[in-house]
Amino acid sequence: MDQPTLTKLLKAEGIAMSATELHTLAQGAAAAPPSLNPDRWMNLVTPAPTLRLKTVLRDLMQGITSASTSSESAVSRLIALRKALVDANIDGFIVPRADEHQGEYVPSCAQRLSWLTGFTGSAGTAAVLDDRAALFVDGRYTLQAEMEVDQELYQVVSIADTSMDDWLADELPDGSRLGYDPRLHSRNQAQRLRKTCESAGSSLIAVDRNPLDSVWTTQPPPPISPVAAHDERFAGQGLREKCLQIASRISESGSEATVLTMTDSIAWLLNLRGGDVEFTPLAMAFAILHRDSSVDLFIDARKLGPDLGSHLGSQVAIHAPEHFGAALNRLKNETKQIQIDPATANDWICRQLAEGKAKLIEATDPCVLPKAIKNSAELDGTRAAHLRDGVALTRFLHWINNASENGQITEIDAADQLETFRRQGKNFQGLSFPTISGAGNHGAIVHYRVDAASNRPLLPGELYLVDSGAQYLDGTTDVTRTIAVGTPSEEMRDRFTRVLKGHIAIATALFPVGTVGGQLDTLARQALWNAGLDYEHGTGHGVGSFLNVHEGPHRISKSLAGAPLKPGMIVSNEPGYYKTDAYGIRIENLVTVVERGRPESGERDLLGFDTLTWAPIDRCLVQKSLLNDKESNWLNRYHTKVRETLTPLLDNDAAAWLKSVTASI
């Protein structure tokens, strides 16, 4: 439809929007990830679009989507970037997988690392110099990066072997100028880079415009996806109460305001959920919370429906994102102390604030800890969500048990079927991360993501690892099961049982108040260590409530960093084992920290874990002789609970199958 005709239609529909404004809105909507309702963005045009208008808007969206493809090769992209670096008078550039908010999932417009290198993992950084380039990843992504990236262009480096700082110190020529985008690096990251450059006799140069953006000709615009209020039934606490709570903490620190940069903190604080990034219900925004509990929210107002005015009330003032810089300028000159988190706030923000009269107080984002400690409504919600999720996963495991015997089921078939079962559950909003559906050797790739090129069947004699989760209005799930397709080898059973022993050790752990997750990590690894084995990822991460599937400040890993475990926190319990080019094993449940009281004649109060996830663990992979009585009893009790909890919610065939696979060992 041409512009004059579209303008007439909008006028006839009573919509106060020009054809150009509509096209810009549609481009932003096309840049957002798909939602359960692909027409939901139309409500940002008008609350009740007519059938005729819907048809026009669908055609408009289809045209935008079809025109967004890019055909440049990895070689041509790297050449174009290097030319842009020469034009900018810099000798190298750092390309992180990051956006301005430092989140795990980034919008399509910020997928610079993926566009440049082809690497699709959720964590990684490229360093591009004039004659060499390297991609740095952690142990989860080494195999994936080697598969996805042209290693004639990029050296794939595991940070466990060589850090980017060490590589740069060796490779940067004396007197060189290394560029970085201060909006894509936290304050702490930028300071570390600066020290590295200084030690190499080089300079770190902050660029005003990212040179990648000048050569990425098909870069999408910032996403525009509808923002909705998160029901207080699920949140358990209103935004005004939360703002007062966090503002009091700011005031206690002597600060007059804090700048919030993490979108999940803003979503939690204001009880808002969006759709600007995949798998997590977040809206791209910044916020300034003042000690009087008022909030300045910087967000594209086109995302906000008319009902949000009453939800936010007079406490929250809405500003356009382009006014954020001016607000920082006012803040730094009109206040005495400002709180900022150097670990999460991008360096551009910190540089702006540091130039003013106000003193910067470095402190952890004040929303992080209260967000992690779930209230009773959030815990009730996540238990309900896990019940529905357990039904979906059990139906899937029953289905795959029947369908995989002839080798006709592929990794994509399995992932799609699992999502189908989840979609049938109440309050389902989407997946919480890309399903890891790994058969055979693909299971050894910790964060494997199947596509049409890598898709393969589930074959007898192999293991199949499926790590998946969902977003529900009342909770977020994450669960991994490893199943035998056909008859497993004795080695597979040995490794699986050692992983299970570690899982049980975490599930049954008792520990004093004040314990950090790193102090528990050895419990999960001991049985593997006894056989000279280990795994290269953490044992547990925090999980949000209809928010991030990975959140802090707590975790279980080899590092002793992280906040002490507190009642109400949710954390994953996921030890594993991976034999390169052969198979992978992981057993994951979510657990919540609970009080266990003080033992009789004890001197310290203890904490422990309650399991949230309910789904059978493959007993044919268990080597009973490796389990002690305590471990065998735990598995039998767990399976009894799974059976009693899920059977009333399953059809007769699935219930009968569940009864057989949860019998005592």
# chains A, B, ... in the order shown; residues from 1 in each chain; ligands from 1
>>> residues_around(residues="Val450 in chain A", least_positions_apart="6", cutoff="10 Å", atoms="only C-alpha atoms", output="ChimeraX atom specification")
/A:410-412,415,434-439,442,456
>>> residues_around(residues="range 50-53 of chain A", least_positions_apart="2", cutoff="9 Å", atoms="only C-alpha atoms", output="PyMOL selection string")
chain A and resi 9-10+13+48+55-58
>>> residues_around(residues="Tyr535 in chain A", least_positions_apart="6", cutoff="8 Å", atoms="only C-alpha atoms", output="PyMOL selection string")
chain A and resi 575-578
>>> write_last_selection(atoms="C-alpha atoms", output="PDB file, in the first residue's frame")
ATOM      1  CA  PRO A 575      26.114 -31.121  37.821  1.00  0.00           C
ATOM      2  CA  GLY A 576      27.158 -32.780  34.575  1.00  0.00           C
ATOM      3  CA  TYR A 577      29.749 -34.720  32.640  1.00  0.00           C
ATOM      4  CA  TYR A 578      30.733 -34.343  28.976  1.00  0.00           C
TER       5      TYR A 578
END
>>> closest_residue(among="A:Gln623, A:Thr580, A:Ser255, A:Ser73", to="Thr117 in chain A", atoms="only C-alpha atoms")
A:Ser73
>>> closest_residue(among="A:Asp581, A:Asp610, A:Asp138, A:Glu595", to="Ala507 in chain A", atoms="only C-alpha atoms")
A:Asp610
>>> residues_around(residues="Asp91 in chain A", least_positions_apart="6", cutoff="8 Å", atoms="only C-alpha atoms", output="JSON, numbers by chain")
{"A": [85, 129, 130, 176, 177, 178, 179]}
>>> select_by_dssp(residues="range 516-595 of chain A", states="helix (DSSP H, G or I)", output="ChimeraX atom specification")
/A:517-519,521-529
>>> atom_distance(atom1="CA of Thr647 in chain A", atom2="CA of Thr508 in chain A")
24.8 Å
>>> closest_residue(among="A:Met42, A:Leu649, A:Val295, A:Ala126", to="Leu78 in chain A", atoms="only C-alpha atoms")
A:Ala126
>>> residues_around(residues="Leu312 in chain A", least_positions_apart="5", cutoff="10 Å", atoms="only C-alpha atoms", output="list in words")
Ala229, Leu239, Arg240, Leu270, Asn271, Leu272, Val295, Asp307, Ala317 and Ile318 of chain A
>>> closest_residue(among="A:Leu331, A:Ala80, A:Ala19, A:Leu25", to="Thr5 in chain A", atoms="only C-alpha atoms")
A:Ala19
>>> select_by_dssp(residues="range 389-634 of chain A", states="strand (DSSP E)", output="PyMOL selection string")
chain A and resi 428-431+436-439+462-468+470-472+475-476+479-485+511-512+540-542+551-556+570-573+576-579+583-586+589-597+606-611
>>> atom_distance(atom1="CA of Gly425 in chain A", atom2="CA of Arg388 in chain A")
6.1 Å
